[in-house]
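J.: The file below is query_10.txt, compact mmCIF, C-alpha atoms:
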```txt
# COMPACT_ATOMS: atom_id res chain seq x y z
CA VAL A 218 5.16 11.05 24.82
CA ILE A 219 4.80 14.10 22.60
CA ALA A 220 6.06 12.13 19.58
CA TYR A 221 3.53 9.33 20.19
CA GLY A 222 0.81 11.99 20.54
CA MET A 223 1.73 13.36 17.11
CA VAL A 224 1.77 10.00 15.32
CA GLY A 225 -2.05 9.75 15.19
CA PRO A 226 -2.66 13.18 13.62
CA MET A 227 0.23 12.66 11.19
CA LEU A 228 -1.15 9.31 10.07
CA ILE A 229 -4.68 10.68 9.65
CA ALA A 230 -3.33 13.60 7.59
CA ALA A 231 -1.24 11.18 5.50
CA PHE A 232 -4.27 8.92 4.95
CA GLY A 233 -6.21 11.98 3.81
CA GLY A 234 -3.49 13.11 1.43
CA PHE A 235 -2.83 9.70 -0.08
CA GLY A 236 -6.56 8.93 -0.18
CA SER A 237 -7.29 12.18 -1.99
CA ASP A 238 -4.49 11.48 -4.50
CA PHE A 239 -5.75 7.92 -4.99
CA ILE A 240 -9.32 9.05 -5.66
CA GLN A 241 -8.04 11.68 -8.10
CA SER A 242 -5.79 9.23 -9.99
CA GLN A 243 -8.24 6.33 -10.11
CA PHE A 244 -11.63 8.03 -10.41
CA HIS A 245 -10.64 11.49 -11.77
CA THR A 246 -12.62 13.14 -8.99
CA HIS A 247 -11.20 15.64 -6.54
CA VAL A 248 -12.02 15.12 -2.87
CA ALA A 249 -10.25 17.39 -0.40
CA TRP A 250 -7.75 15.62 1.84
CA GLU A 251 -9.55 16.99 4.90
CA VAL A 252 -12.77 15.23 3.90
CA VAL A 253 -10.91 11.96 3.34
CA SER A 254 -9.18 12.37 6.73
CA VAL A 255 -12.49 12.88 8.53
CA CYS A 256 -13.94 9.80 6.80
CA PHE A 257 -10.92 7.74 7.87
CA MET A 258 -11.27 9.01 11.45
CA LEU A 259 -14.92 7.94 11.49
CA VAL A 260 -14.09 4.48 10.15
CA ILE A 261 -11.25 4.08 12.66
CA TRP A 262 -13.48 5.27 15.51
CA SER A 263 -16.22 2.77 14.58
CA ILE A 264 -13.71 -0.08 14.45
CA LEU A 265 -12.23 0.91 17.81
CA ALA A 266 -15.72 1.25 19.31
CA ALA A 267 -16.34 -2.39 18.40
CA GLY A 268 -13.62 -3.40 20.86
CA VAL A 269 -9.98 -4.37 21.08
CA SER A 270 -10.52 -7.85 19.67
CA GLU A 271 -12.34 -6.57 16.59
CA SER A 272 -9.83 -3.80 15.95
CA ALA A 273 -6.97 -6.31 16.22
CA LYS A 274 -8.70 -8.55 13.65
CA VAL A 275 -9.19 -5.65 11.23
CA ALA A 276 -5.57 -4.54 11.70
CA THR A 277 -4.38 -8.09 11.00
CA VAL A 278 -6.42 -8.31 7.80
CA PHE A 279 -5.08 -5.00 6.49
CA LEU A 280 -1.53 -5.92 7.49
CA ALA A 281 -1.84 -9.22 5.59
CA ILE A 282 -3.13 -7.38 2.51
CA GLU A 283 -0.31 -4.82 2.71
CA ILE A 284 2.42 -7.42 3.10
CA THR A 285 0.96 -9.55 0.31
CA VAL A 286 0.83 -6.64 -2.15
CA ILE A 287 4.32 -5.36 -1.34
CA THR A 288 5.79 -8.86 -1.44
CA ALA A 289 4.11 -9.63 -4.78
CA LEU A 290 5.33 -6.33 -6.26
CA THR A 291 8.86 -6.83 -4.92
CA VAL A 292 8.99 -10.39 -6.31
CA THR A 293 7.75 -9.08 -9.67
CA ILE A 294 10.41 -6.35 -9.74
CA ILE A 295 13.20 -8.78 -8.87
CA ALA A 296 11.90 -11.43 -11.31
CA LYS A 297 11.88 -8.84 -14.12
CA GLY A 298 15.39 -7.74 -13.20
CA GLY A 299 14.46 -4.28 -12.00
CA ALA A 300 14.74 -1.24 -14.23
CA HIS A 301 18.39 -1.86 -15.19
CA GLY A 302 19.21 -5.35 -13.93
CA LEU A 303 19.95 -6.86 -10.55
CA SER A 304 22.86 -5.46 -8.58
CA LEU A 305 24.25 -5.70 -5.07
CA GLY A 306 25.46 -2.10 -5.40
CA ASN A 307 22.30 -1.05 -3.58
CA PHE A 308 23.84 -2.38 -0.37
CA ASN A 309 26.91 -0.14 -0.72
CA PRO A 310 26.64 2.69 1.89
CA GLY A 311 28.22 5.05 -0.63
CA ASN A 312 25.09 4.68 -2.79
CA SER A 313 22.76 5.78 -0.01
CA LEU A 314 20.88 9.06 -0.09
CA LYS A 315 23.51 11.80 0.41
CA GLY A 316 26.29 9.20 0.44
CA VAL A 317 27.56 7.75 3.69
CA SER A 318 26.05 10.65 5.68
CA GLY A 319 22.63 9.44 4.53
CA LEU A 320 22.99 6.40 6.77
CA GLY A 321 21.88 8.56 9.70
CA THR A 322 18.62 9.34 7.92
CA GLY A 323 18.23 5.68 7.07
CA MET A 324 18.79 4.68 10.68
CA LEU A 325 16.15 7.17 11.82
CA TRP A 326 13.60 5.67 9.43
CA GLY A 327 14.69 2.16 10.40
CA ILE A 328 14.04 2.90 14.06
CA LEU A 329 10.71 4.57 13.35
CA MET A 330 9.57 1.57 11.28
CA PHE A 331 9.95 -0.66 14.32
CA ILE A 332 7.77 1.48 16.60
CA GLY A 333 5.02 -0.75 17.89
CA PHE A 334 6.73 -4.14 17.64
CA GLU A 335 7.09 -4.10 21.42
CA SER A 336 3.30 -4.11 21.79
CA ALA A 337 3.46 -7.91 21.77
CA ALA A 338 4.89 -7.66 25.29
CA THR A 339 1.58 -6.25 26.56
CA LEU A 340 -0.03 -9.59 25.78
CA GLY A 341 2.52 -11.40 27.95
CA GLU A 342 0.07 -12.46 30.62
CA GLU A 343 -2.14 -14.07 27.97
CA ALA A 344 0.63 -16.32 26.61
CA LYS A 345 1.55 -19.73 27.93
CA GLY A 346 5.11 -19.73 29.28
CA SER A 347 5.30 -15.96 28.83
CA ARG A 348 8.86 -15.67 30.14
CA LYS A 349 10.08 -17.66 27.13
CA THR A 350 7.34 -16.95 24.61
CA ILE A 351 7.35 -13.14 24.65
CA PRO A 352 11.12 -12.61 24.22
CA ARG A 353 11.14 -15.25 21.46
CA ALA A 354 8.18 -13.53 19.76
CA LEU A 355 9.81 -10.10 19.99
CA PHE A 356 13.15 -11.25 18.57
CA THR A 357 11.39 -13.22 15.84
CA ALA A 358 9.32 -10.14 14.97
CA VAL A 359 12.42 -7.97 14.71
CA LEU A 360 14.18 -10.50 12.47
CA VAL A 361 11.19 -11.14 10.21
CA ILE A 362 10.20 -7.48 9.91
CA GLY A 363 13.82 -6.42 9.37
CA SER A 364 14.26 -9.03 6.63
CA PHE A 365 11.01 -7.92 4.99
CA TYR A 366 12.15 -4.28 5.02
CA VAL A 367 15.51 -5.16 3.46
CA PHE A 368 13.77 -7.29 0.81
CA ALA A 369 11.22 -4.57 -0.05
CA ALA A 370 13.86 -1.81 0.00
CA TYR A 371 16.08 -3.78 -2.37
CA GLY A 372 13.20 -4.44 -4.74
CA SER A 373 12.09 -0.83 -4.72
CA SER A 374 15.60 0.54 -5.26
CA ILE A 375 16.31 -1.72 -8.25
CA GLY A 376 12.81 -0.90 -9.51
CA PHE A 377 13.89 2.72 -9.84
CA GLY A 378 17.08 1.63 -11.58
CA LYS A 379 20.07 3.93 -11.63
CA SER A 380 18.27 6.64 -9.68
CA GLY A 381 17.74 4.05 -6.90
CA VAL A 382 17.13 5.59 -3.49
CA SER A 383 17.03 9.17 -4.77
CA GLY A 384 14.38 8.17 -7.33
CA PHE A 385 12.31 6.54 -4.61
CA VAL A 386 12.62 9.58 -2.33
CA ALA A 387 11.86 12.08 -5.11
CA ASP A 388 8.65 10.27 -6.07
CA GLY A 389 5.52 11.39 -4.23
CA ASP A 390 3.96 7.92 -4.45
CA PRO A 391 6.80 5.49 -5.20
CA TRP A 392 4.91 2.22 -4.69
CA SER A 393 2.18 3.28 -7.12
CA THR A 394 4.87 4.30 -9.61
CA LEU A 395 6.54 0.91 -9.25
CA SER A 396 3.23 -0.97 -9.57
CA GLN A 397 2.34 0.94 -12.74
CA LYS A 398 5.83 0.37 -14.14
CA PHE A 399 6.03 -3.36 -13.41
CA TRP A 400 2.36 -4.41 -13.32
CA GLY A 401 1.07 -1.89 -15.85
CA GLY A 402 -2.08 0.16 -15.85
CA THR A 403 -3.57 1.13 -12.53
CA ALA A 404 -2.71 -1.88 -10.41
CA ILE A 405 -2.91 0.00 -7.12
```
Is it possible to give me this structure as structure tokens?
T.:
Amino acid sequence: VIAYGMVGPMLIAAFGGFGSDFIQSQFHTHVAWEVVSVCFMLVIWSILAAGVSESAKVATVFLAIEITVITALTVTIIAKGGAHGLSLGNFNPGNSLKGVSGLGTGMLWGILMFIGFESAATLGEEAKGSRKTIPRALFTAVLVIGSFYVFAAYGSSIGFGKSGVSGFVADGDPWSTLSQKFWGGTAI
């Protein structure tokens, strides 16, 4: 319960930090992260005030945009052969952050990435044949999301080349770095 209570403030702070960095890098104007966070909170509040249906529609639109951009960038990275060619070495646990012991950190992030997938179960009474539909939807979501994460992680790690995971972790904004490297300019 405490962890779920902290997710909202952490996300708002992250939005503020990334938003401030984005404004600085794209428009060469400094806006404090606190100001960006407050603006995001106001936008989120207005969307939520419009109702559950409207907020679900907005969330779906942004999710579609996010998945489209990450998929397009990952396909571009793989099509261009990454920074130093394609390799299956990225799947070797010995190449993980901090070697094999880094798998624990990876598992933690893997579990955290799936927080929220179970929310489909709350719509169970709305679905036809909910006893079959909801479990099928949940398992399908886990498989599709898991496959997407593996695909994007592979693309990002070969995008950083020999530094792989450690290069991704060391970068403050790795997806922007990859987009600039493989798309050029200020793509994101």
J.: Between A:Tyr221, A:Lys349, A:Ile287, A:Leu395, single out the one closest to Tyr366 in chain A, counting only C-alpha atoms.
T.: A:Ile287
J.: Need to verify the contact set: Glu251 in chain A, 9 Å, all atoms listed in the file, exclusion of same-chain residues closer than 4 positions in sequence. Can you return it as a ChimeraX atom specification?
T.: /A:230,233-234,237,255-256
J.: Could the residues in this selection be saved with C-alpha atoms as a short mmCIF file (atom, residue, chain, number, x, y, z; two decimals), keeping the file's coordinate frame?
T.:
```cif
data_model
loop_
_atom_site.label_atom_id
_atom_site.label_comp_id
_atom_site.auth_asym_id
_atom_site.auth_seq_id
_atom_site.Cartn_x
_atom_site.Cartn_y
_atom_site.Cartn_z
CA ALA A 230 -3.33 13.60 7.59
CA GLY A 233 -6.21 11.98 3.81
CA GLY A 234 -3.49 13.11 1.43
CA SER A 237 -7.29 12.18 -1.99
CA VAL A 255 -12.49 12.88 8.53
CA CYS A 256 -13.94 9.80 6.80
#
```
J.: Measuring atom to atom with all atoms listed in the file, identify which of A:Lys398, A:Gln243, A:Gly372, A:Pro391 is nearest to Ala289 in chain A.
T.: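 Under the stated criterion, the closest residue is A:Gly372.
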J.: Between CA of Gly401 in chain A and CA of Phe365 in chain A, what is the distance, to one decimal in Å?
T.: 23.9 Å
J.: Using all atoms listed in the file, which of A:Ala369, A:Val218, A:Ile375, A:Ala267 sits nearest Glu283 in chain A?
T.: A:Ala369
J.: State, in Å with one decimal place, the distance from CA of Lys297 in chain A to CA of Gly376 in chain A.
T.: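 Atom-to-atom, CA of Lys297 in chain A and CA of Gly376 in chain A are spaced 9.2 Å apart.
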